[in-house]
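Worksheet: one structure, shown below.
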Amino acid sequence: MTAPAVGSPGTPRRYLHSLWLLSARDLRVRYSTSWLGYLWSVLDPLVMSGIYWFVFTVVFHRSVGAEPYIVFLIAALLPWVWFNACVSDFTRAFNKDAKLVRSTAIPRTIWIGRIVLSKGIEFVLSLPVLALFAVVASGTQFGWGILWFPVAVLVQTILLVGLGLIIAPLCVLFTDLERTTRLILRALFYATPIIYGVHDLPGIARDLGILNPLAGILTMYRAAFFPEQWDSLAVGISVVVSVATLGIGLAVFRRLERPLLKEL
């Protein structure tokens, strides 16, 4: 099987077709042996939200976030689950299907795209839960900020693809990075404004916190329900960092693709 020439008319269509097939396969495999199926897409963030809501509302006096706090949590936890799941899977993106990666002629970047797309579909399927809590349970009204929601999805997708292009090949070449990535994700959860907002950070902590691209992305997600949480600087930094990460990722992947294939 020969690879299509770069730039030929069939290349984008074949790439997208292959991307969809692989992503659909991932979703079928994930849910085919599960009784709960779709519910797994929302169960994890719901349980996490319930725990943090109980701790910071019932057990301790909370001075961060906004009301209703459960909506504040879910609006950030759902995108975080998408981010966390993608980055975790990036560490095994090529090793998991090493034989297929070596033997197929499709661009190897598709193994990153399939993870982002399949986990992104799960994220989209979980959004009705956020809407349910916002409208029915809490009576929250949707504001103008809802227009930022698709922008947040786009920026997060760009960030994830860029990170995947860096993390996936490096984890093949340096196996210890898989465990290191898991530790970083645990720390990153608390360094990201999920259980608190960007405006809740004091002084220099806020200056450092908005450098985290997830800070601006979560701000855009929350803008629909909490316009007072909007921070233009955080959003601007998120867009710039995400686009820069994608550019760096493409450069890194081009450089490491050949050593990656030798290592598989």
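Letters A, B, ... go to the chains of the structure tokens in the order shown; residues in each chain start at 1; ligands are counted from 1 in the same order.
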Item to check | Picked from range 77-203 of chain A by DSSP as helix (DSSP H, G or I), as a VMD selection string | outcome: chain A and resid 77 to 90 98 to 103 110 to 137 144 to 173 177 to 191 198 to 200 203
Contacts of range 65-121 of chain A with range 216-232 of chain A up to 9 Å, shortest pair per row, only C-alpha atoms, as a Markdown table:
| residue | atom | partner | partner_atom | distance |
| --- | --- | --- | --- | --- |
| A:Gly65 | CA | A:Gln229 | CA | 8.8 |
| A:Ala66 | CA | A:Phe226 | CA | 7.5 |
| A:Glu67 | CA | A:Phe226 | CA | 8.6 |
| A:Val71 | CA | A:Phe225 | CA | 8.1 |
| A:Phe72 | CA | A:Arg222 | CA | 7.1 |
| A:Ala75 | CA | A:Arg222 | CA | 5.9 |
| A:Ala76 | CA | A:Leu218 | CA | 5.7 |
| A:Pro79 | CA | A:Leu218 | CA | 7.5 |
| A:Trp80 | CA | A:Leu218 | CA | 8.6 |
Take the residues from that selection and put them in a file with C-alpha atoms, as a PDB file, in the first residue's frame.
ATOM      1  CA  GLY A  65     -15.845  29.944  43.231  1.00  0.00           C
ATOM      2  CA  ALA A  66     -19.367  31.160  42.507  1.00  0.00           C
ATOM      3  CA  GLU A  67     -22.963  30.140  43.138  1.00  0.00           C
ATOM      4  CA  VAL A  71     -22.498  24.253  38.192  1.00  0.00           C
ATOM      5  CA  PHE A  72     -19.226  26.108  38.739  1.00  0.00           C
ATOM      6  CA  ALA A  75     -18.400  23.505  33.955  1.00  0.00           C
ATOM      7  CA  ALA A  76     -14.677  23.006  34.622  1.00  0.00           C
ATOM      8  CA  PRO A  79     -13.315  19.841  30.111  1.00  0.00           C
ATOM      9  CA  TRP A  80     -10.702  18.663  32.618  1.00  0.00           C
TER      10      TRP A  80
END
Next on the checklist: For a quick check of understanding, using only C-alpha atoms, which of A:Ile110, A:Val239, A:Leu100, A:Leu188 has the smallest distance to Gln156 in chain A?
Outcome noted: A:Val239
Next on the checklist: Need the shell around Val161 in chain A: protein/DNA/RNA residues with any atom at most 8 Å away, counting only C-alpha atoms. Skip same-chain ones fewer than 2 positions apart. Format as a ChimeraX atom specification?
Outcome noted: /A:112-113,116,157-159,163-165,246,249
Selection file, N, CA and C atoms, as a compact mmCIF listing (two decimals), in the first residue's frame:
# COMPACT_ATOMS: atom_id res chain seq x y z
N ILE A 112 -2.70 10.66 17.14
CA ILE A 112 -2.98 11.70 18.13
C ILE A 112 -4.40 12.21 17.94
N GLY A 113 -4.75 12.49 16.69
CA GLY A 113 -6.08 13.03 16.40
C GLY A 113 -7.20 12.11 16.83
N VAL A 116 -7.88 12.64 20.56
CA VAL A 116 -8.54 13.92 20.82
C VAL A 116 -10.00 13.88 20.37
N THR A 157 -8.93 21.89 21.76
CA THR A 157 -8.54 20.90 20.75
C THR A 157 -7.14 21.21 20.21
N ILE A 158 -6.89 22.48 19.91
CA ILE A 158 -5.56 22.88 19.42
C ILE A 158 -4.49 22.56 20.46
N LEU A 159 -4.77 22.88 21.71
CA LEU A 159 -3.81 22.61 22.79
C LEU A 159 -3.54 21.12 22.92
N LEU A 163 0.00 19.14 22.41
CA LEU A 163 0.59 18.35 23.49
C LEU A 163 0.79 16.89 23.07
N GLY A 164 -0.20 16.35 22.37
CA GLY A 164 -0.10 14.96 21.92
C GLY A 164 1.08 14.73 20.99
N LEU A 165 1.33 15.68 20.09
CA LEU A 165 2.44 15.56 19.15
C LEU A 165 3.79 15.60 19.87
N LEU A 246 0.84 23.95 19.51
CA LEU A 246 0.60 23.19 18.27
C LEU A 246 1.78 23.34 17.32
N GLY A 249 4.62 21.39 18.67
CA GLY A 249 4.31 19.97 18.54
C GLY A 249 4.56 19.44 17.14
Next on the checklist: What's around Ser88 in chain A at 9 Å? Count only C-alpha atoms, leave out sequence neighbours fewer than 5 positions away in its own chain, and write the answer as a list in words.
Outcome noted: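 Non-adjacent residues within range: Phe83, Glu178, Thr181, Arg182 and Leu185 of chain A.
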Please dump the current selection as a PDB file, in the first residue's frame; keep N, CA and C atoms.
ATOM      1  N   PHE A  83      -9.363  16.679  28.955  1.00  0.00           N
ATOM      2  CA  PHE A  83      -7.932  16.964  28.922  1.00  0.00           C
ATOM      3  C   PHE A  83      -7.133  15.831  29.564  1.00  0.00           C
ATOM      4  N   GLU A 178       5.906   8.130  30.903  1.00  0.00           N
ATOM      5  CA  GLU A 178       4.500   7.781  31.109  1.00  0.00           C
ATOM      6  C   GLU A 178       4.118   7.978  32.568  1.00  0.00           C
ATOM      7  N   THR A 181       4.261  11.709  33.514  1.00  0.00           N
ATOM      8  CA  THR A 181       3.088  12.444  33.036  1.00  0.00           C
ATOM      9  C   THR A 181       1.913  12.292  33.986  1.00  0.00           C
ATOM     10  N   ARG A 182       1.734  11.112  34.537  1.00  0.00           N
ATOM     11  CA  ARG A 182       0.638  10.891  35.483  1.00  0.00           C
ATOM     12  C   ARG A 182       0.810  11.748  36.731  1.00  0.00           C
ATOM     13  N   LEU A 185      -0.011  15.355  35.901  1.00  0.00           N
ATOM     14  CA  LEU A 185      -1.455  15.572  35.786  1.00  0.00           C
ATOM     15  C   LEU A 185      -2.110  15.729  37.158  1.00  0.00           C
TER      16      LEU A 185
END
Checklist entry - Taking into account only C-alpha atoms, which residue in the set A:Leu160, A:Leu39, A:Ala105, A:Ala234 is nearest to Leu208 in chain A? => result A:Ala234
Item to check | Contacts of Pro107 in chain A within 12 Å, only C-alpha atoms, excl. fewer than 2 positions in-chain, as a PyMOL selection string | outcome: chain A and resi 2-6+11-12+14-16+18-19+100-105+109-114+253-254+257
Checklist entry - From the list A:Ala152, A:Leu214, A:Ile115, A:Val235, which residue is nearest Phe90 in chain A when using only C-alpha atoms? => result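 Between A:Ala152, A:Leu214, A:Ile115, A:Val235, the residue approaching Phe90 in chain A most closely is A:Ile115.
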Item to check | Selected residue of minimal separation from Ile195 in chain A among A:Asp89, A:Gly143, A:Met48, A:Leu73, counting only C-alpha atoms | outcome: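 Once distances to Ile195 in chain A are computed over only C-alpha atoms, the minimum belongs to A:Leu73.
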